[in-house]
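Visitor: Okay, here's the structure, questions in a sec.
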Amino acid sequence: MRPRAFDLIAFDWDGTLFDSTAIIVRCIQRAVVDVGGAMPTDQAAAYVIGMSLAEALAHAAPDVDPALYPRLGARYRHHYAAHQNDLSLFAGVLPLLHELRARHHWLAVATGKSRRGLDEALHTAELHGVFDGSRTADETAGKPHPRMLLELMEEFGVAPERTLMIGDTTHDLQMARNAGCASVGVGWGAHEIDEFHALGAVQVVHSVRELHDWLLANA
């Protein structure tokens with residue numbers, strides 16, 4: 001059997017594994033309007049996906065008084081909670097994760113979500129025991145700071161050259177680059193793929209099937 005190229009594979013969550021981009025955009029837009037700000041464009045709202053919530057909302061609502069940020073965050077969580085049961089993994093993701101586990105890769109999540117938000121998303125029977133570790137933006141530094149990946153690499157004793165980050169935003173790929181890790185960009189999430197290769201992505205894929213085939217051949 002061909003030896004593994006990567007011992008640790010870290011995934012972004014929203015827009016990479018979880019089909020949530022469109023709903024997050026709408027929730028950001030509604031939250032900003034709720035506190036009196038100008039509604040961000042779809043592009044502006046999608047750009048901040050992957051950042052920590054506080055940073056994302058501040059970036060998406062530059063005309064909102066910082067004193068209103070706590071209420072802005074609360075309104076976002078209100079809108080998101082109303083739709084979180086509408087969300088699901090992208091088709092093909094779960095079989096892919098199981099195949100990677102069968103090959104004895106460590107699997108992790110590195111996300112801009114809060115710990116509470118990620119735990120709620122992972123609290124399903126189908127995802128029980130799938131991931132070996134995770135980091136969220138509220139318990140470490142947000143993307144593109146490399147701390148999430150550095151902590152995961154330390155936890156599993158894996159070197160940067162044996163770690164792969166997979167994500168749908170430039171924040172994900174810049175984080176990987178900052179941590180000295182390889183990255184794969186996925187083209188079905190929040191950001192356009194034009195900048196992915198410039199940020200060091202070793203591959204850009206356009207479907208879960210393509211990601212599956214690439215990982216099984218190269219990871």
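To be explicit about the labels: the chains of the structure tokens are called A, B, and onward in the order shown, and within each one the residues are counted from 1, while ligands get numbers from 1 in the order they are shown.
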I'd like the neighbourhood of segment 13-19 of chain A as a list of chain:residue names, where a residue qualifies if any of its atoms comes within 8 Å (using only C-alpha atoms), though same-chain residues fewer than 5 positions away should be ignored.
Guide: A:Ile49, A:Gly50, A:Leu87, A:Ser88, A:Leu89, A:Phe90, A:Val93, A:Val109, A:Ala110, A:Thr111, A:Ile166, A:Gly167, A:Asp168, A:Val186, A:Trp188, A:Gly189, A:Ala190
Visitor: DSSP on the backbone, then: every residue of chain A marked alpha helix (DSSP H), written as a count of residues only.
Guide: 92
Visitor: As a PDB file with all heavy atoms, in the first residue's frame, please: all residues of chain A that backbone DSSP puts in strand (DSSP E).
Guide:
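The result, stored in out.pdb:
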ATOM      1  N   LEU A   8      -2.506  14.135   9.156  1.00  0.00           N
ATOM      2  CA  LEU A   8      -3.610  14.930   9.693  1.00  0.00           C
ATOM      3  C   LEU A   8      -4.279  15.696   8.560  1.00  0.00           C
ATOM      4  O   LEU A   8      -3.610  16.411   7.814  1.00  0.00           O
ATOM      5  CB  LEU A   8      -3.085  15.907  10.752  1.00  0.00           C
ATOM      6  CG  LEU A   8      -4.071  16.937  11.299  1.00  0.00           C
ATOM      7  CD1 LEU A   8      -5.244  16.263  12.015  1.00  0.00           C
ATOM      8  CD2 LEU A   8      -3.351  17.913  12.240  1.00  0.00           C
ATOM      9  N   ILE A   9      -5.595  15.532   8.426  1.00  0.00           N
ATOM     10  CA  ILE A   9      -6.370  16.291   7.441  1.00  0.00           C
ATOM     11  C   ILE A   9      -7.392  17.123   8.201  1.00  0.00           C
ATOM     12  O   ILE A   9      -8.249  16.580   8.911  1.00  0.00           O
ATOM     13  CB  ILE A   9      -7.076  15.367   6.428  1.00  0.00           C
ATOM     14  CG1 ILE A   9      -6.057  14.488   5.704  1.00  0.00           C
ATOM     15  CG2 ILE A   9      -7.882  16.199   5.421  1.00  0.00           C
ATOM     16  CD1 ILE A   9      -6.682  13.500   4.724  1.00  0.00           C
ATOM     17  N   ALA A  10      -7.263  18.450   8.079  1.00  0.00           N
ATOM     18  CA  ALA A  10      -8.165  19.374   8.768  1.00  0.00           C
ATOM     19  C   ALA A  10      -9.120  19.978   7.754  1.00  0.00           C
ATOM     20  O   ALA A  10      -8.714  20.381   6.654  1.00  0.00           O
ATOM     21  CB  ALA A  10      -7.369  20.474   9.469  1.00  0.00           C
ATOM     22  N   PHE A  11     -10.369  20.041   8.127  1.00  0.00           N
ATOM     23  CA  PHE A  11     -11.411  20.591   7.262  1.00  0.00           C
ATOM     24  C   PHE A  11     -12.013  21.850   7.879  1.00  0.00           C
ATOM     25  O   PHE A  11     -12.290  21.892   9.085  1.00  0.00           O
ATOM     26  CB  PHE A  11     -12.562  19.583   7.093  1.00  0.00           C
ATOM     27  CG  PHE A  11     -12.215  18.349   6.325  1.00  0.00           C
ATOM     28  CD1 PHE A  11     -11.702  17.233   6.971  1.00  0.00           C
ATOM     29  CD2 PHE A  11     -12.426  18.287   4.954  1.00  0.00           C
ATOM     30  CE1 PHE A  11     -11.398  16.076   6.272  1.00  0.00           C
ATOM     31  CE2 PHE A  11     -12.127  17.135   4.241  1.00  0.00           C
ATOM     32  CZ  PHE A  11     -11.610  16.029   4.903  1.00  0.00           C
ATOM     33  N   TRP A 106      -5.773  11.035  10.725  1.00  0.00           N
ATOM     34  CA  TRP A 106      -6.464  11.800  11.748  1.00  0.00           C
ATOM     35  C   TRP A 106      -7.284  12.870  11.045  1.00  0.00           C
ATOM     36  O   TRP A 106      -6.793  13.551  10.129  1.00  0.00           O
ATOM     37  CB  TRP A 106      -5.466  12.453  12.697  1.00  0.00           C
ATOM     38  CG  TRP A 106      -4.946  11.548  13.751  1.00  0.00           C
ATOM     39  CD1 TRP A 106      -5.677  10.782  14.613  1.00  0.00           C
ATOM     40  CD2 TRP A 106      -3.578  11.308  14.067  1.00  0.00           C
ATOM     41  NE1 TRP A 106      -4.847  10.074  15.450  1.00  0.00           N
ATOM     42  CE2 TRP A 106      -3.557  10.376  15.137  1.00  0.00           C
ATOM     43  CE3 TRP A 106      -2.363  11.785  13.557  1.00  0.00           C
ATOM     44  CZ2 TRP A 106      -2.370   9.925  15.703  1.00  0.00           C
ATOM     45  CZ3 TRP A 106      -1.190  11.337  14.108  1.00  0.00           C
ATOM     46  CH2 TRP A 106      -1.193  10.415  15.177  1.00  0.00           C
ATOM     47  N   LEU A 107      -8.513  13.056  11.477  1.00  0.00           N
ATOM     48  CA  LEU A 107      -9.409  14.040  10.881  1.00  0.00           C
ATOM     49  C   LEU A 107      -9.768  15.093  11.926  1.00  0.00           C
ATOM     50  O   LEU A 107     -10.074  14.763  13.080  1.00  0.00           O
ATOM     51  CB  LEU A 107     -10.684  13.379  10.361  1.00  0.00           C
ATOM     52  CG  LEU A 107     -10.502  12.261   9.333  1.00  0.00           C
ATOM     53  CD1 LEU A 107     -11.871  11.740   8.878  1.00  0.00           C
ATOM     54  CD2 LEU A 107      -9.682  12.730   8.135  1.00  0.00           C
ATOM     55  N   ALA A 108      -9.746  16.352  11.500  1.00  0.00           N
ATOM     56  CA  ALA A 108     -10.045  17.452  12.424  1.00  0.00           C
ATOM     57  C   ALA A 108     -10.866  18.515  11.715  1.00  0.00           C
ATOM     58  O   ALA A 108     -10.915  18.581  10.487  1.00  0.00           O
ATOM     59  CB  ALA A 108      -8.745  18.049  12.966  1.00  0.00           C
ATOM     60  N   VAL A 109     -11.497  19.356  12.527  1.00  0.00           N
ATOM     61  CA  VAL A 109     -12.232  20.518  12.031  1.00  0.00           C
ATOM     62  C   VAL A 109     -11.541  21.771  12.549  1.00  0.00           C
ATOM     63  O   VAL A 109     -11.222  21.871  13.743  1.00  0.00           O
ATOM     64  CB  VAL A 109     -13.700  20.502  12.514  1.00  0.00           C
ATOM     65  CG1 VAL A 109     -14.412  21.786  12.087  1.00  0.00           C
ATOM     66  CG2 VAL A 109     -14.431  19.284  11.965  1.00  0.00           C
ATOM     67  N   ALA A 110     -11.298  22.727  11.660  1.00  0.00           N
ATOM     68  CA  ALA A 110     -10.756  24.033  12.027  1.00  0.00           C
ATOM     69  C   ALA A 110     -11.723  25.071  11.475  1.00  0.00           C
ATOM     70  O   ALA A 110     -11.783  25.287  10.261  1.00  0.00           O
ATOM     71  CB  ALA A 110      -9.359  24.221  11.448  1.00  0.00           C
ATOM     72  N   THR A 111     -12.495  25.710  12.339  1.00  0.00           N
ATOM     73  CA  THR A 111     -13.630  26.501  11.879  1.00  0.00           C
ATOM     74  C   THR A 111     -13.732  27.851  12.570  1.00  0.00           C
ATOM     75  O   THR A 111     -13.294  28.017  13.715  1.00  0.00           O
ATOM     76  CB  THR A 111     -14.945  25.714  12.119  1.00  0.00           C
ATOM     77  OG1 THR A 111     -16.065  26.517  11.740  1.00  0.00           O
ATOM     78  CG2 THR A 111     -15.111  25.318  13.584  1.00  0.00           C
ATOM     79  N   GLY A 133     -10.375  15.590  16.405  1.00  0.00           N
ATOM     80  CA  GLY A 133     -10.121  16.843  17.104  1.00  0.00           C
ATOM     81  C   GLY A 133     -10.758  18.001  16.387  1.00  0.00           C
ATOM     82  O   GLY A 133     -11.221  17.872  15.245  1.00  0.00           O
ATOM     83  N   SER A 134     -10.778  19.153  17.049  1.00  0.00           N
ATOM     84  CA  SER A 134     -11.356  20.350  16.432  1.00  0.00           C
ATOM     85  C   SER A 134     -10.876  21.587  17.171  1.00  0.00           C
ATOM     86  O   SER A 134     -10.493  21.531  18.342  1.00  0.00           O
ATOM     87  CB  SER A 134     -12.891  20.284  16.445  1.00  0.00           C
ATOM     88  OG  SER A 134     -13.381  20.220  17.774  1.00  0.00           O
ATOM     89  N   ARG A 135     -10.918  22.698  16.472  1.00  0.00           N
ATOM     90  CA  ARG A 135     -10.656  24.008  17.055  1.00  0.00           C
ATOM     91  C   ARG A 135     -11.672  24.999  16.484  1.00  0.00           C
ATOM     92  O   ARG A 135     -12.022  24.929  15.308  1.00  0.00           O
ATOM     93  CB  ARG A 135      -9.240  24.503  16.731  1.00  0.00           C
ATOM     94  CG  ARG A 135      -8.133  23.777  17.465  1.00  0.00           C
ATOM     95  CD  ARG A 135      -8.195  23.976  18.972  1.00  0.00           C
ATOM     96  NE  ARG A 135      -7.050  23.375  19.643  1.00  0.00           N
ATOM     97  CZ  ARG A 135      -6.933  22.081  19.947  1.00  0.00           C
ATOM     98  NH1 ARG A 135      -7.886  21.229  19.590  1.00  0.00           N
ATOM     99  NH2 ARG A 135      -5.869  21.634  20.573  1.00  0.00           N
ATOM    100  N   THR A 136     -12.125  25.914  17.362  1.00  0.00           N
ATOM    101  CA  THR A 136     -13.092  26.937  16.959  1.00  0.00           C
ATOM    102  C   THR A 136     -12.516  28.316  17.235  1.00  0.00           C
ATOM    103  O   THR A 136     -11.584  28.472  18.032  1.00  0.00           O
ATOM    104  CB  THR A 136     -14.414  26.765  17.717  1.00  0.00           C
ATOM    105  OG1 THR A 136     -14.166  26.901  19.130  1.00  0.00           O
ATOM    106  CG2 THR A 136     -15.034  25.398  17.440  1.00  0.00           C
ATOM    107  N   THR A 163       0.541  17.694   7.205  1.00  0.00           N
ATOM    108  CA  THR A 163      -0.790  18.215   7.520  1.00  0.00           C
ATOM    109  C   THR A 163      -1.395  18.864   6.284  1.00  0.00           C
ATOM    110  O   THR A 163      -0.719  19.614   5.570  1.00  0.00           O
ATOM    111  CB  THR A 163      -0.715  19.245   8.663  1.00  0.00           C
ATOM    112  OG1 THR A 163      -0.156  18.610   9.819  1.00  0.00           O
ATOM    113  CG2 THR A 163      -2.089  19.800   9.002  1.00  0.00           C
ATOM    114  N   LEU A 164      -2.669  18.592   6.046  1.00  0.00           N
ATOM    115  CA  LEU A 164      -3.401  19.150   4.907  1.00  0.00           C
ATOM    116  C   LEU A 164      -4.636  19.868   5.419  1.00  0.00           C
ATOM    117  O   LEU A 164      -5.395  19.321   6.215  1.00  0.00           O
ATOM    118  CB  LEU A 164      -3.818  18.027   3.949  1.00  0.00           C
ATOM    119  CG  LEU A 164      -4.644  18.444   2.719  1.00  0.00           C
ATOM    120  CD1 LEU A 164      -3.800  19.289   1.762  1.00  0.00           C
ATOM    121  CD2 LEU A 164      -5.188  17.210   2.005  1.00  0.00           C
ATOM    122  N   MET A 165      -4.834  21.094   4.943  1.00  0.00           N
ATOM    123  CA  MET A 165      -6.023  21.881   5.271  1.00  0.00           C
ATOM    124  C   MET A 165      -6.916  21.960   4.042  1.00  0.00           C
ATOM    125  O   MET A 165      -6.438  22.232   2.937  1.00  0.00           O
ATOM    126  CB  MET A 165      -5.619  23.295   5.720  1.00  0.00           C
ATOM    127  CG  MET A 165      -6.803  24.230   5.987  1.00  0.00           C
ATOM    128  SD  MET A 165      -7.731  23.744   7.473  1.00  0.00           S
ATOM    129  CE  MET A 165      -9.308  24.570   7.172  1.00  0.00           C
ATOM    130  N   ILE A 166      -8.219  21.734   4.225  1.00  0.00           N
ATOM    131  CA  ILE A 166      -9.174  21.793   3.124  1.00  0.00           C
ATOM    132  C   ILE A 166     -10.231  22.834   3.462  1.00  0.00           C
ATOM    133  O   ILE A 166     -10.867  22.760   4.528  1.00  0.00           O
ATOM    134  CB  ILE A 166      -9.830  20.420   2.888  1.00  0.00           C
ATOM    135  CG1 ILE A 166      -8.752  19.389   2.544  1.00  0.00           C
ATOM    136  CG2 ILE A 166     -10.875  20.501   1.772  1.00  0.00           C
ATOM    137  CD1 ILE A 166      -9.271  17.961   2.473  1.00  0.00           C
ATOM    138  N   GLY A 167     -10.421  23.809   2.576  1.00  0.00           N
ATOM    139  CA  GLY A 167     -11.392  24.858   2.862  1.00  0.00           C
ATOM    140  C   GLY A 167     -11.911  25.543   1.628  1.00  0.00           C
ATOM    141  O   GLY A 167     -11.393  25.351   0.523  1.00  0.00           O
ATOM    142  N   ALA A 182       0.156  22.252   3.610  1.00  0.00           N
ATOM    143  CA  ALA A 182      -0.459  22.190   2.285  1.00  0.00           C
ATOM    144  C   ALA A 182      -1.954  22.448   2.415  1.00  0.00           C
ATOM    145  O   ALA A 182      -2.541  22.300   3.492  1.00  0.00           O
ATOM    146  CB  ALA A 182      -0.221  20.811   1.667  1.00  0.00           C
ATOM    147  N   SER A 183      -2.579  22.843   1.295  1.00  0.00           N
ATOM    148  CA  SER A 183      -4.011  23.107   1.324  1.00  0.00           C
ATOM    149  C   SER A 183      -4.654  22.702   0.015  1.00  0.00           C
ATOM    150  O   SER A 183      -4.010  22.656  -1.037  1.00  0.00           O
ATOM    151  CB  SER A 183      -4.288  24.590   1.598  1.00  0.00           C
ATOM    152  OG  SER A 183      -3.808  25.400   0.531  1.00  0.00           O
ATOM    153  N   VAL A 184      -5.950  22.396   0.109  1.00  0.00           N
ATOM    154  CA  VAL A 184      -6.799  22.156  -1.050  1.00  0.00           C
ATOM    155  C   VAL A 184      -7.969  23.126  -0.954  1.00  0.00           C
ATOM    156  O   VAL A 184      -8.599  23.242   0.108  1.00  0.00           O
ATOM    157  CB  VAL A 184      -7.311  20.702  -1.084  1.00  0.00           C
ATOM    158  CG1 VAL A 184      -8.396  20.534  -2.161  1.00  0.00           C
ATOM    159  CG2 VAL A 184      -6.167  19.745  -1.351  1.00  0.00           C
ATOM    160  N   GLY A 185      -8.263  23.817  -2.046  1.00  0.00           N
ATOM    161  CA  GLY A 185      -9.398  24.718  -2.086  1.00  0.00           C
ATOM    162  C   GLY A 185     -10.582  24.059  -2.767  1.00  0.00           C
ATOM    163  O   GLY A 185     -10.410  23.377  -3.782  1.00  0.00           O
ATOM    164  N   VAL A 186     -11.770  24.243  -2.196  1.00  0.00           N
ATOM    165  CA  VAL A 186     -12.975  23.685  -2.795  1.00  0.00           C
ATOM    166  C   VAL A 186     -13.791  24.817  -3.409  1.00  0.00           C
ATOM    167  O   VAL A 186     -13.907  25.892  -2.836  1.00  0.00           O
ATOM    168  CB  VAL A 186     -13.803  22.874  -1.781  1.00  0.00           C
ATOM    169  CG1 VAL A 186     -12.935  21.805  -1.128  1.00  0.00           C
ATOM    170  CG2 VAL A 186     -14.433  23.757  -0.711  1.00  0.00           C
ATOM    171  N   GLN A 203      -4.167  21.869  -4.860  1.00  0.00           N
ATOM    172  CA  GLN A 203      -5.229  21.428  -5.763  1.00  0.00           C
ATOM    173  C   GLN A 203      -6.476  22.267  -5.500  1.00  0.00           C
ATOM    174  O   GLN A 203      -6.733  22.685  -4.365  1.00  0.00           O
ATOM    175  CB  GLN A 203      -5.555  19.944  -5.543  1.00  0.00           C
ATOM    176  CG  GLN A 203      -6.565  19.353  -6.487  1.00  0.00           C
ATOM    177  CD  GLN A 203      -6.014  19.185  -7.902  1.00  0.00           C
ATOM    178  OE1 GLN A 203      -4.796  19.280  -8.116  1.00  0.00           O
ATOM    179  NE2 GLN A 203      -6.875  18.931  -8.861  1.00  0.00           N
ATOM    180  N   VAL A 204      -7.231  22.528  -6.553  1.00  0.00           N
ATOM    181  CA  VAL A 204      -8.552  23.153  -6.444  1.00  0.00           C
ATOM    182  C   VAL A 204      -9.549  22.183  -7.053  1.00  0.00           C
ATOM    183  O   VAL A 204      -9.365  21.719  -8.175  1.00  0.00           O
ATOM    184  CB  VAL A 204      -8.613  24.515  -7.164  1.00  0.00           C
ATOM    185  CG1 VAL A 204     -10.021  25.098  -7.088  1.00  0.00           C
ATOM    186  CG2 VAL A 204      -7.598  25.487  -6.558  1.00  0.00           C
ATOM    187  N   VAL A 205     -10.588  21.848  -6.289  1.00  0.00           N
ATOM    188  CA  VAL A 205     -11.571  20.870  -6.747  1.00  0.00           C
ATOM    189  C   VAL A 205     -12.941  21.541  -6.845  1.00  0.00           C
ATOM    190  O   VAL A 205     -13.215  22.537  -6.184  1.00  0.00           O
ATOM    191  CB  VAL A 205     -11.638  19.646  -5.820  1.00  0.00           C
ATOM    192  CG1 VAL A 205     -10.326  18.883  -5.851  1.00  0.00           C
ATOM    193  CG2 VAL A 205     -11.994  20.054  -4.394  1.00  0.00           C
TER     194      VAL A 205
END
Visitor: Would you pick out the contacts of Ala56 of chain A at 10 Å or less, using only C-alpha atoms, so that residues sharing its chain but fewer than 2 positions from it are not included, and give the list as a ChimeraX atom specification?
Guide: /A:28,45-54,58-61,73,112
Visitor: When you look at His105 of chain A with a cut-off of 12 Å (counting only C-alpha atoms), what residues show up, excluding the ones that are within fewer than 6 positions of it in the same chain? I need them as a list in words.
Guide: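 So the residues in contact are Pro3, Arg4, Ala5, Phe6, Asp7, Leu8, Ile9, Ala10, Leu96, Leu97, His98, Glu99, Val130, Phe131, Asp132, Gly133, Phe156, Val158, Arg162, Thr163, Leu164, Leu215, Leu216 and Ala219 of chain A.
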Visitor: Create the file for the chosen residues now, containing N, CA, C and O atoms and written as a JSON list (two decimals), in the first residue's frame.
Guide:
[["chain", "number", "residue", "atom", "x", "y", "z"],
["A", 3, "PRO", "N", 2.32, 4.66, 1.01],
["A", 3, "PRO", "CA", 2.29, 5.36, 2.30],
["A", 3, "PRO", "C", 1.49, 6.67, 2.19],
["A", 3, "PRO", "O", 1.41, 7.28, 1.13],
["A", 4, "ARG", "N", 0.91, 7.07, 3.32],
["A", 4, "ARG", "CA", 0.16, 8.32, 3.35],
["A", 4, "ARG", "C", 1.08, 9.50, 3.12],
["A", 4, "ARG", "O", 2.20, 9.54, 3.60],
["A", 5, "ALA", "N", 0.55, 10.52, 2.42],
["A", 5, "ALA", "CA", 1.28, 11.78, 2.30],
["A", 5, "ALA", "C", 0.99, 12.69, 3.48],
["A", 5, "ALA", "O", 1.82, 13.50, 3.89],
["A", 6, "PHE", "N", -0.23, 12.55, 4.05],
["A", 6, "PHE", "CA", -0.65, 13.42, 5.15],
["A", 6, "PHE", "C", -1.22, 12.56, 6.28],
["A", 6, "PHE", "O", -2.08, 11.72, 6.06],
["A", 7, "ASP", "N", -0.73, 12.82, 7.48],
["A", 7, "ASP", "CA", -1.26, 12.12, 8.65],
["A", 7, "ASP", "C", -2.50, 12.81, 9.20],
["A", 7, "ASP", "O", -3.44, 12.15, 9.66],
["A", 8, "LEU", "N", -2.51, 14.14, 9.16],
["A", 8, "LEU", "CA", -3.61, 14.93, 9.69],
["A", 8, "LEU", "C", -4.28, 15.70, 8.56],
["A", 8, "LEU", "O", -3.61, 16.41, 7.81],
["A", 9, "ILE", "N", -5.60, 15.53, 8.43],
["A", 9, "ILE", "CA", -6.37, 16.29, 7.44],
["A", 9, "ILE", "C", -7.39, 17.12, 8.20],
["A", 9, "ILE", "O", -8.25, 16.58, 8.91],
["A", 10, "ALA", "N", -7.26, 18.45, 8.08],
["A", 10, "ALA", "CA", -8.17, 19.37, 8.77],
["A", 10, "ALA", "C", -9.12, 19.98, 7.75],
["A", 10, "ALA", "O", -8.71, 20.38, 6.65],
["A", 96, "LEU", "N", -16.86, 9.99, 2.27],
["A", 96, "LEU", "CA", -15.46, 10.39, 2.14],
["A", 96, "LEU", "C", -14.77, 10.37, 3.49],
["A", 96, "LEU", "O", -13.65, 9.83, 3.63],
["A", 97, "LEU", "N", -15.40, 10.95, 4.52],
["A", 97, "LEU", "CA", -14.79, 10.96, 5.84],
["A", 97, "LEU", "C", -14.56, 9.55, 6.36],
["A", 97, "LEU", "O", -13.51, 9.26, 6.95],
["A", 98, "HIS", "N", -15.50, 8.67, 6.14],
["A", 98, "HIS", "CA", -15.34, 7.30, 6.60],
["A", 98, "HIS", "C", -14.19, 6.59, 5.86],
["A", 98, "HIS", "O", -13.44, 5.81, 6.46],
["A", 99, "GLU", "N", -14.04, 6.88, 4.58],
["A", 99, "GLU", "CA", -12.94, 6.26, 3.83],
["A", 99, "GLU", "C", -11.59, 6.76, 4.33],
["A", 99, "GLU", "O", -10.62, 5.99, 4.44],
["A", 130, "VAL", "N", -16.43, 10.58, 14.20],
["A", 130, "VAL", "CA", -15.80, 10.78, 12.88],
["A", 130, "VAL", "C", -14.53, 11.62, 13.00],
["A", 130, "VAL", "O", -13.53, 11.34, 12.35],
["A", 131, "PHE", "N", -14.58, 12.67, 13.84],
["A", 131, "PHE", "CA", -13.44, 13.59, 13.95],
["A", 131, "PHE", "C", -12.65, 13.32, 15.21],
["A", 131, "PHE", "O", -13.19, 13.06, 16.28],
["A", 132, "ASP", "N", -11.33, 13.41, 15.06],
["A", 132, "ASP", "CA", -10.43, 13.17, 16.18],
["A", 132, "ASP", "C", -10.16, 14.43, 16.99],
["A", 132, "ASP", "O", -9.74, 14.34, 18.15],
["A", 133, "GLY", "N", -10.38, 15.59, 16.40],
["A", 133, "GLY", "CA", -10.12, 16.84, 17.10],
["A", 133, "GLY", "C", -10.76, 18.00, 16.39],
["A", 133, "GLY", "O", -11.22, 17.87, 15.24],
["A", 156, "PHE", "N", -1.68, 16.26, 17.90],
["A", 156, "PHE", "CA", -1.50, 14.94, 17.31],
["A", 156, "PHE", "C", -0.05, 14.63, 16.99],
["A", 156, "PHE", "O", 0.25, 13.55, 16.45],
["A", 158, "VAL", "N", 1.98, 16.01, 14.77],
["A", 158, "VAL", "CA", 2.15, 15.95, 13.32],
["A", 158, "VAL", "C", 2.87, 17.20, 12.83],
["A", 158, "VAL", "O", 2.54, 18.32, 13.23],
["A", 162, "ARG", "N", 3.17, 17.20, 7.03],
["A", 162, "ARG", "CA", 2.30, 16.02, 7.05],
["A", 162, "ARG", "C", 0.85, 16.40, 7.35],
["A", 162, "ARG", "O", 0.03, 15.54, 7.68],
["A", 163, "THR", "N", 0.54, 17.69, 7.21],
["A", 163, "THR", "CA", -0.79, 18.22, 7.52],
["A", 163, "THR", "C", -1.39, 18.86, 6.28],
["A", 163, "THR", "O", -0.72, 19.61, 5.57],
["A", 164, "LEU", "N", -2.67, 18.59, 6.05],
["A", 164, "LEU", "CA", -3.40, 19.15, 4.91],
["A", 164, "LEU", "C", -4.64, 19.87, 5.42],
["A", 164, "LEU", "O", -5.40, 19.32, 6.22],
["A", 215, "LEU", "N", -8.18, 13.05, -2.94],
["A", 215, "LEU", "CA", -7.66, 12.65, -1.64],
["A", 215, "LEU", "C", -7.24, 11.19, -1.63],
["A", 215, "LEU", "O", -6.17, 10.83, -1.12],
["A", 216, "LEU", "N", -8.05, 10.32, -2.20],
["A", 216, "LEU", "CA", -7.71, 8.91, -2.18],
["A", 216, "LEU", "C", -6.50, 8.60, -3.05],
["A", 216, "LEU", "O", -5.79, 7.62, -2.80],
["A", 219, "ALA", "N", -3.56, 11.75, -0.92],
["A", 219, "ALA", "CA", -3.38, 12.02, 0.51],
["A", 219, "ALA", "C", -2.87, 10.80, 1.27],
["A", 219, "ALA", "O", -2.43, 10.92, 2.39]]
Visitor: Nearest to Pro95 of chain A among A:Leu127, A:Asp138, A:Arg75, A:His206, with distances taken over only C-alpha atoms: which residue is it?
Guide: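 Among the listed residues, A:Leu127 lies closest to Pro95 of chain A.
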Visitor: Pick the closest to Thr21 of chain A from A:His191, A:His78, A:His197, A:Arg103: which is it, counting only C-alpha atoms?
Guide: A:His191
Visitor: Can you pull out the residues contacting Arg30 of chain A? Cut-off 8 Å, using only C-alpha atoms, and skip same-chain residues under 3 positions away; I want them as number ranges by chain.
Guide: A: 26-27, 33-34, 39, 75-76, 79
Visitor: Just the selected residues (all heavy atoms), exported as a tab-separated table (two decimals), in the first residue's frame, please.
Guide:
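The result, stored in out_28.tsv:
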chain	number	residue	atom	x	y	z
A	26	ARG	N	-27.62	35.13	4.29
A	26	ARG	CA	-28.91	35.76	4.59
A	26	ARG	C	-28.99	36.17	6.05
A	26	ARG	O	-29.53	37.24	6.38
A	26	ARG	CB	-30.05	34.79	4.27
A	26	ARG	CG	-30.13	34.39	2.80
A	26	ARG	CD	-30.52	35.55	1.88
A	26	ARG	NE	-30.44	35.15	0.49
A	26	ARG	CZ	-29.39	35.37	-0.30
A	26	ARG	NH1	-28.33	36.01	0.17
A	26	ARG	NH2	-29.40	34.96	-1.56
A	27	CYS	N	-28.45	35.33	6.95
A	27	CYS	CA	-28.51	35.66	8.37
A	27	CYS	C	-27.66	36.89	8.70
A	27	CYS	O	-28.05	37.73	9.51
A	27	CYS	CB	-28.06	34.47	9.21
A	27	CYS	SG	-29.22	33.07	9.15
A	33	VAL	N	-29.28	44.58	9.11
A	33	VAL	CA	-30.46	45.42	8.95
A	33	VAL	C	-31.20	45.58	10.28
A	33	VAL	O	-31.70	46.67	10.60
A	33	VAL	CB	-31.39	44.83	7.86
A	33	VAL	CG1	-32.73	45.58	7.83
A	33	VAL	CG2	-30.71	44.90	6.50
A	34	ASP	N	-31.26	44.53	11.07
A	34	ASP	CA	-31.96	44.58	12.36
A	34	ASP	C	-31.41	45.66	13.28
A	34	ASP	O	-32.15	46.22	14.10
A	34	ASP	CB	-31.86	43.23	13.08
A	34	ASP	CG	-32.77	42.17	12.49
A	34	ASP	OD1	-33.61	42.51	11.63
A	34	ASP	OD2	-32.63	40.99	12.89
A	39	MET	N	-27.71	46.89	4.41
A	39	MET	CA	-27.58	45.47	4.15
A	39	MET	C	-26.36	45.18	3.28
A	39	MET	O	-26.22	45.75	2.19
A	39	MET	CB	-28.84	44.93	3.44
A	39	MET	CG	-28.82	43.41	3.30
A	39	MET	SD	-30.36	42.73	2.67
A	39	MET	CE	-30.16	43.11	0.92
A	75	ARG	N	-28.48	39.00	17.08
A	75	ARG	CA	-29.46	38.92	15.98
A	75	ARG	C	-29.02	37.88	14.95
A	75	ARG	O	-29.84	37.15	14.40
A	75	ARG	CB	-29.65	40.28	15.31
A	75	ARG	CG	-30.29	41.33	16.18
A	75	ARG	CD	-31.59	40.84	16.82
A	75	ARG	NE	-32.60	40.52	15.79
A	75	ARG	CZ	-33.70	39.83	16.04
A	75	ARG	NH1	-33.94	39.34	17.25
A	75	ARG	NH2	-34.56	39.60	15.07
A	76	TYR	N	-27.71	37.81	14.69
A	76	TYR	CA	-27.23	36.77	13.77
A	76	TYR	C	-27.54	35.39	14.33
A	76	TYR	O	-28.06	34.53	13.61
A	76	TYR	CB	-25.71	36.91	13.54
A	76	TYR	CG	-25.17	35.71	12.79
A	76	TYR	CD1	-25.29	35.62	11.42
A	76	TYR	CD2	-24.58	34.65	13.48
A	76	TYR	CE1	-24.83	34.51	10.73
A	76	TYR	CE2	-24.12	33.53	12.80
A	76	TYR	CZ	-24.26	33.47	11.43
A	76	TYR	OH	-23.82	32.35	10.76
A	79	HIS	N	-31.24	34.50	13.91
A	79	HIS	CA	-31.63	34.11	12.56
A	79	HIS	C	-31.05	32.74	12.20
A	79	HIS	O	-31.72	31.91	11.58
A	79	HIS	CB	-31.18	35.15	11.54
A	79	HIS	CG	-31.93	36.45	11.64
A	79	HIS	ND1	-33.29	36.52	11.44
A	79	HIS	CD2	-31.51	37.71	11.92
A	79	HIS	CE1	-33.68	37.78	11.59
A	79	HIS	NE2	-32.62	38.52	11.88
